[in-house]
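Step one of this worksheet: look at the structure below.
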Amino acid sequence: MTATIQRKQRTSAPPRTRLPVSNFAAKTTMAVTGLIFVGFVFVHMYGNLHIFRGQEEFDHYAHWLREILMPLMPYAGVLWVLRVVLLISLVLHVGCGLLLWTRARRARGPFKRTGLRRGDALMARSMLGTGLVILLFVIFHILDLTLGVQPAASGAFESGSAYANLVASFQRPVVALFYMLTMLVLTVHVAHGTWTAANDLGATGRRLRQLAAWVAGLVAIAICLGNISIPVLVLLGVIQ
Amino acid sequence: MKLTLKVWRQESGAEEGHFEEYLLEEVGPEFSLLEALDKLNDDLVARGEEPIAFDSDCREGICGACGVTVDGTPHGPQKNTPSCRQHLRSFEDGATVQLEPFRSGAFPVVKDLAVNRSALDRVIGAGGFVSTSVGTAPDADAIPVTHEAAEWALDLAACIGCGACVAACPNGSAQLFAGSKTMHLATLPSSSKERGRRAKGITRAAEEEFGPCSVYGECAEVCPAGIPLTAIAGLNKEKLRQVLRNKDD
């Protein structure tokens, strides 16, 4: 006995209007801005490693960031160009992310998919939550180490003393813990985000997909290990 | 063996549905899931009750008509296998098995386990066809197609349009389905003449009917045709190509 489908109950196409921003445009925007962030976070992590060369080198590095292309650009010019690019990317990335999330919720219907066990699927499901944690962290991080606004920043904050500010900040265990947790969350977000970006930008070749999967995982782990080593060593008293 | 089936009963799309429990006896591990439902329906009819509606046709995994959600997984516990090829040997004797229709916003329930999957047809109608006249069969090798390209196109053309990818997707996306249809036609010379138009049409229809893809990868786990996850990138690639070139081919 097979289906007894009542043909007259078959619905015709529901009236749909063309989406103002297509999912494709939103996803491509997220992929491009996301890759900008991955590039930024990776370079930022690399820059942070200057801490291991001591106070003078680290402060010098922080100062050097403001002098890139100096005769051509004004003081901190390149830095501000990058900040503006990152800010625009952030607005687009978060905006498109929320847009796609609401559309996905609507398309899914009233029954939530349960029983996801695979790592990939769990990472995909965590993207909104991990993204939110990262956003909150970024706000805190800027208040703490860039602007030096109390109480996010330590009492000892002094503009220009990057090394001292960082050490003073991480000597507060709660801040160090929040930083380390955020790095773990960031690892998941970067790994799945990079892999998704490769798919969104049309990586179909077998080797290209393998490469993308490896790069996604390794870059995420490198960012995590590189950054997390700093608060750990501050708490252990190795960096003072 | 014995099974307790918790089956979703819903009179029509307009009415609320609910689960009902049925004890299924005198079935064996060699029974397919649909044969078990047949047996249950025989029992129900004998008792004068309404049989359970479900879709099914070829029962050998090539038509794409069947599809129920078994314990939350579209088609059933066996990976990449359609409902008709799922067998009771996957379940322990005496187990309770929950049967629901394919769940997705784009698939309204028609009755019990049968859903309306015409949204998939509307995606095909928007570009999943060849409209250029290709004439009669050409001489062999008149249009060169490499062995690799032919095999790849065949792998992607294996999609039977069952809709399990949509039901598996936490976003309700049909990206795997749309990608396989788009890519298999883009891979071959005669059908690639309308690549741009096809990518545009299919993407738009898929976006109007279904959700966006977040690369959960759940679709490729359940796909009875074994369409690889590459197909989802394939649709994006074809669409990106169309946006950059803005041409019909």
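Ordering of the structure tokens sets the chain letters (A, B, ...); residue numbers start at 1 within each chain; ligands are numbered from 1 in the order shown.
The residue set within 9 Å of range 90-94 of chain A, counting only C-alpha atoms and dropping same-chain residues fewer than 2 places from it, reads Ala26, Thr29, Met30, Ala31, Val32, Thr33, Gly34, Phe37, Val85, Leu86, Leu87, Ile88, Cys96, Gly97, Leu98, Leu99 and Gly131 of chain A.
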Which residues are close to Pro170 in chain B, i.e. within 9 Å by only C-alpha atoms, leaving aside same-chain residues fewer than 3 positions away? Reply as a PyMOL selection string. (chain A and resi 104-105+108+112-114+121+125) or (chain B and resi 104+166-167+173+214+216+218)
For chain B, the nearest of the candidates A:Ala198, A:Val81, A:Leu65, A:Leu235, counting only C-alpha atoms: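 Result for the nearest residue to chain B: A:Ala198.
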Within 6 Å of chain A, which residues of chain B are there when counting only C-alpha atoms? Please give them as a list in words.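 The complete set of qualifying residues is Asp38, Ala53, Phe54, Asp55, Ser56, Ser104, Gly105, Pro170, Asn171, Gly172, Phe210, Gly211, Pro212, Val215, Tyr216, Thr230, Ala233, Gly234, Asn236 and Lys237 of chain B.
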Pick out the residues sitting within 7 Å of range 189-200 of chain B, and hand them over as a list of chain:residue names; count only C-alpha atoms, and ignore anything fewer than 6 positions along from it in its own chain. B:Gly127, B:Gly128, B:Val130, B:Val134, B:Thr182, B:Glu238, B:Lys239, B:Gln242, B:Lys247, B:Asp248, B:Asp249
File dump, residues just selected, N, CA, C and O atoms, as a PDB file, in the first residue's frame:
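This is the output file selection-v8.pdb:
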ATOM      1  N   GLY B 127      15.577  26.237 -14.650  1.00  0.00           N
ATOM      2  CA  GLY B 127      16.841  26.140 -15.384  1.00  0.00           C
ATOM      3  C   GLY B 127      17.463  24.752 -15.451  1.00  0.00           C
ATOM      4  O   GLY B 127      18.460  24.559 -16.140  1.00  0.00           O
ATOM      5  N   GLY B 128      16.880  23.790 -14.790  1.00  0.00           N
ATOM      6  CA  GLY B 128      17.498  22.463 -14.774  1.00  0.00           C
ATOM      7  C   GLY B 128      17.147  21.616 -15.977  1.00  0.00           C
ATOM      8  O   GLY B 128      16.755  20.458 -15.833  1.00  0.00           O
ATOM      9  N   VAL B 130      17.736  21.300 -20.647  1.00  0.00           N
ATOM     10  CA  VAL B 130      18.512  21.715 -21.815  1.00  0.00           C
ATOM     11  C   VAL B 130      17.533  22.207 -22.862  1.00  0.00           C
ATOM     12  O   VAL B 130      16.662  21.449 -23.302  1.00  0.00           O
ATOM     13  N   VAL B 134      19.820  19.649 -29.707  1.00  0.00           N
ATOM     14  CA  VAL B 134      21.083  18.933 -29.879  1.00  0.00           C
ATOM     15  C   VAL B 134      20.997  17.920 -31.015  1.00  0.00           C
ATOM     16  O   VAL B 134      21.947  17.189 -31.275  1.00  0.00           O
ATOM     17  N   THR B 182      22.834  21.797 -11.503  1.00  0.00           N
ATOM     18  CA  THR B 182      23.530  22.853 -12.245  1.00  0.00           C
ATOM     19  C   THR B 182      24.864  22.340 -12.786  1.00  0.00           C
ATOM     20  O   THR B 182      25.199  22.551 -13.947  1.00  0.00           O
ATOM     21  N   GLU B 238      29.169  28.394 -10.382  1.00  0.00           N
ATOM     22  CA  GLU B 238      28.414  28.709 -11.598  1.00  0.00           C
ATOM     23  C   GLU B 238      27.748  30.078 -11.485  1.00  0.00           C
ATOM     24  O   GLU B 238      27.712  30.840 -12.446  1.00  0.00           O
ATOM     25  N   LYS B 239      27.222  30.390 -10.297  1.00  0.00           N
ATOM     26  CA  LYS B 239      26.562  31.675 -10.096  1.00  0.00           C
ATOM     27  C   LYS B 239      27.580  32.815 -10.152  1.00  0.00           C
ATOM     28  O   LYS B 239      27.338  33.849 -10.777  1.00  0.00           O
ATOM     29  N   GLN B 242      28.463  33.485 -13.640  1.00  0.00           N
ATOM     30  CA  GLN B 242      27.404  34.211 -14.340  1.00  0.00           C
ATOM     31  C   GLN B 242      27.429  35.697 -13.953  1.00  0.00           C
ATOM     32  O   GLN B 242      27.267  36.568 -14.805  1.00  0.00           O
ATOM     33  N   LYS B 247      26.526  36.754 -19.029  1.00  0.00           N
ATOM     34  CA  LYS B 247      26.142  36.238 -20.354  1.00  0.00           C
ATOM     35  C   LYS B 247      25.287  34.992 -20.188  1.00  0.00           C
ATOM     36  O   LYS B 247      25.287  34.369 -19.125  1.00  0.00           O
ATOM     37  N   ASP B 248      24.597  34.627 -21.256  1.00  0.00           N
ATOM     38  CA  ASP B 248      23.709  33.455 -21.185  1.00  0.00           C
ATOM     39  C   ASP B 248      24.478  32.141 -21.174  1.00  0.00           C
ATOM     40  O   ASP B 248      24.003  31.151 -20.638  1.00  0.00           O
ATOM     41  N   ASP B 249      25.631  32.137 -21.822  1.00  0.00           N
ATOM     42  CA  ASP B 249      26.343  30.853 -21.925  1.00  0.00           C
ATOM     43  C   ASP B 249      27.299  30.653 -20.753  1.00  0.00           C
ATOM     44  O   ASP B 249      27.431  31.505 -19.881  1.00  0.00           O
TER      45      ASP B 249
END
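Using only C-alpha atoms, the smallest distance between any of B:Val145, B:Ala126, B:Ala158, B:Val70 and Glu100 in chain B comes from B:Val70.
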Any idea what's packed within 9 Å of Glu60 in chain B, counting only C-alpha atoms, ignoring anything in its chain fewer than 4 positions away? Could you give it as a list in words? Pro82, Cys84 and Arg85 of chain B
Quick one: residues within 9 Å of Val219 in chain A, only C-alpha atoms counted, chain neighbours fewer than 3 positions away excluded, as an mmCIF file with all heavy atoms, in the first residue's frame?
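part_14.cif, written as the output of this step:
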data_model
loop_
_atom_site.group_PDB
_atom_site.id
_atom_site.type_symbol
_atom_site.label_atom_id
_atom_site.label_comp_id
_atom_site.auth_asym_id
_atom_site.auth_seq_id
_atom_site.Cartn_x
_atom_site.Cartn_y
_atom_site.Cartn_z
ATOM 1 N N VAL A 38 40.099 36.733 8.704
ATOM 2 C CA VAL A 38 41.042 35.642 8.955
ATOM 3 C C VAL A 38 42.466 36.134 8.703
ATOM 4 O O VAL A 38 43.374 35.906 9.511
ATOM 5 C CB VAL A 38 40.726 34.409 8.078
ATOM 6 C CG1 VAL A 38 41.830 33.371 8.211
ATOM 7 C CG2 VAL A 38 39.393 33.794 8.483
ATOM 8 N N PHE A 42 45.238 36.511 11.644
ATOM 9 C CA PHE A 42 46.488 35.758 11.519
ATOM 10 C C PHE A 42 47.700 36.692 11.638
ATOM 11 O O PHE A 42 48.640 36.423 12.385
ATOM 12 C CB PHE A 42 46.520 34.997 10.193
ATOM 13 C CG PHE A 42 47.682 34.053 10.092
ATOM 14 C CD1 PHE A 42 47.648 32.817 10.724
ATOM 15 C CD2 PHE A 42 48.822 34.407 9.383
ATOM 16 C CE1 PHE A 42 48.719 31.950 10.657
ATOM 17 C CE2 PHE A 42 49.907 33.548 9.307
ATOM 18 C CZ PHE A 42 49.854 32.316 9.944
ATOM 19 N N THR A 187 38.844 29.735 17.219
ATOM 20 C CA THR A 187 39.372 28.619 16.434
ATOM 21 C C THR A 187 38.251 27.934 15.654
ATOM 22 O O THR A 187 38.375 27.665 14.456
ATOM 23 C CB THR A 187 40.035 27.579 17.365
ATOM 24 O OG1 THR A 187 40.896 28.261 18.251
ATOM 25 C CG2 THR A 187 40.824 26.558 16.582
ATOM 26 N N VAL A 190 36.850 30.405 12.948
ATOM 27 C CA VAL A 190 37.776 30.583 11.820
ATOM 28 C C VAL A 190 37.849 29.305 10.978
ATOM 29 O O VAL A 190 37.821 29.350 9.744
ATOM 30 C CB VAL A 190 39.183 30.982 12.318
ATOM 31 C CG1 VAL A 190 40.225 30.809 11.225
ATOM 32 C CG2 VAL A 190 39.173 32.429 12.797
ATOM 33 N N ALA A 191 37.911 28.151 11.644
ATOM 34 C CA ALA A 191 38.031 26.900 10.894
ATOM 35 C C ALA A 191 36.811 26.676 10.014
ATOM 36 O O ALA A 191 36.931 26.465 8.800
ATOM 37 C CB ALA A 191 38.209 25.727 11.864
ATOM 38 N N TRP A 214 42.641 21.932 4.785
ATOM 39 C CA TRP A 214 43.865 21.956 5.597
ATOM 40 C C TRP A 214 44.210 23.365 6.059
ATOM 41 O O TRP A 214 44.534 23.574 7.228
ATOM 42 C CB TRP A 214 45.039 21.369 4.801
ATOM 43 C CG TRP A 214 45.091 19.885 4.886
ATOM 44 C CD1 TRP A 214 44.643 18.992 3.950
ATOM 45 C CD2 TRP A 214 45.602 19.097 5.965
ATOM 46 N NE1 TRP A 214 44.838 17.707 4.384
ATOM 47 C CE2 TRP A 214 45.436 17.734 5.613
ATOM 48 C CE3 TRP A 214 46.174 19.410 7.193
ATOM 49 C CZ2 TRP A 214 45.822 16.694 6.450
ATOM 50 C CZ3 TRP A 214 46.564 18.371 8.023
ATOM 51 C CH2 TRP A 214 46.383 17.026 7.652
ATOM 52 N N VAL A 215 44.135 24.320 5.121
ATOM 53 C CA VAL A 215 44.459 25.710 5.480
ATOM 54 C C VAL A 215 43.504 26.191 6.568
ATOM 55 O O VAL A 215 43.926 26.791 7.563
ATOM 56 C CB VAL A 215 44.389 26.625 4.231
ATOM 57 C CG1 VAL A 215 44.402 28.091 4.639
ATOM 58 C CG2 VAL A 215 45.563 26.328 3.305
ATOM 59 N N ALA A 216 42.213 25.888 6.399
ATOM 60 C CA ALA A 216 41.209 26.318 7.385
ATOM 61 C C ALA A 216 41.577 25.798 8.783
ATOM 62 O O ALA A 216 41.609 26.565 9.749
ATOM 63 C CB ALA A 216 39.828 25.819 6.984
ATOM 64 N N ALA A 222 46.797 27.637 14.427
ATOM 65 C CA ALA A 222 47.951 28.518 14.600
ATOM 66 C C ALA A 222 47.551 29.795 15.337
ATOM 67 O O ALA A 222 48.253 30.243 16.256
ATOM 68 C CB ALA A 222 48.561 28.863 13.242
ATOM 69 N N ILE A 223 46.418 30.369 14.945
ATOM 70 C CA ILE A 223 45.939 31.593 15.601
ATOM 71 C C ILE A 223 45.690 31.321 17.076
ATOM 72 O O ILE A 223 46.092 32.084 17.957
ATOM 73 C CB ILE A 223 44.649 32.109 14.914
ATOM 74 C CG1 ILE A 223 44.979 32.652 13.515
ATOM 75 C CG2 ILE A 223 43.964 33.185 15.757
ATOM 76 C CD1 ILE A 223 43.755 32.940 12.666
ATOM 77 N N CYS A 224 45.048 30.185 17.340
ATOM 78 C CA CYS A 224 44.715 29.824 18.717
ATOM 79 C C CYS A 224 45.983 29.655 19.563
ATOM 80 O O CYS A 224 46.134 30.290 20.608
ATOM 81 C CB CYS A 224 43.899 28.550 18.730
ATOM 82 S SG CYS A 224 43.452 28.015 20.378
#
One decimal, Å: what's the distance from CA of Phe19 in chain B over to CA of Val115 in chain B, could you say? 16.1 Å
Considering only C-alpha atoms, can you say which of B:Asn41, B:Thr69, B:Ser180, B:Asn246 comes closest to Cys159 in chain B? B:Ser180
Under the rule that only C-alpha atoms are counted, which of A:Leu35, A:Ala62, A:Ala153, A:Ala212 is the nearest residue to Gly47 in chain A?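 Closest to Gly47 in chain A, using only C-alpha atoms: A:Ala62.
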Neighbour list for Gly226 in chain B as a list in words, cut-off 9 Å, only C-alpha atoms, skip fewer than 3 positions in-chain: Asn80, Thr81, Asp155, Leu156, Ala158, Cys159, Ala220, Glu221, Val222 and Cys223 of chain B
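Between Arg53 in chain A and the residues A:Leu177, A:Gln171, A:Tyr163, A:Ser154, the shortest atom-to-atom distance, using only C-alpha atoms, involves A:Tyr163.
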Enumerate as number ranges by chain all residues of range 3-206 of chain A assigned to helix (DSSP H, G or I) by DSSP on the backbone, naming them with the chain letters and numbers the document uses. A: 7-9, 23-53, 55-65, 77-108, 119-125, 127-147, 162-170, 173-200, 206
Shell of 9 Å around Ala153 in chain B, only C-alpha atoms, local chain residues under 5 positions omitted, as a VMD selection string: chain B and resid 148 158 180 183 to 188
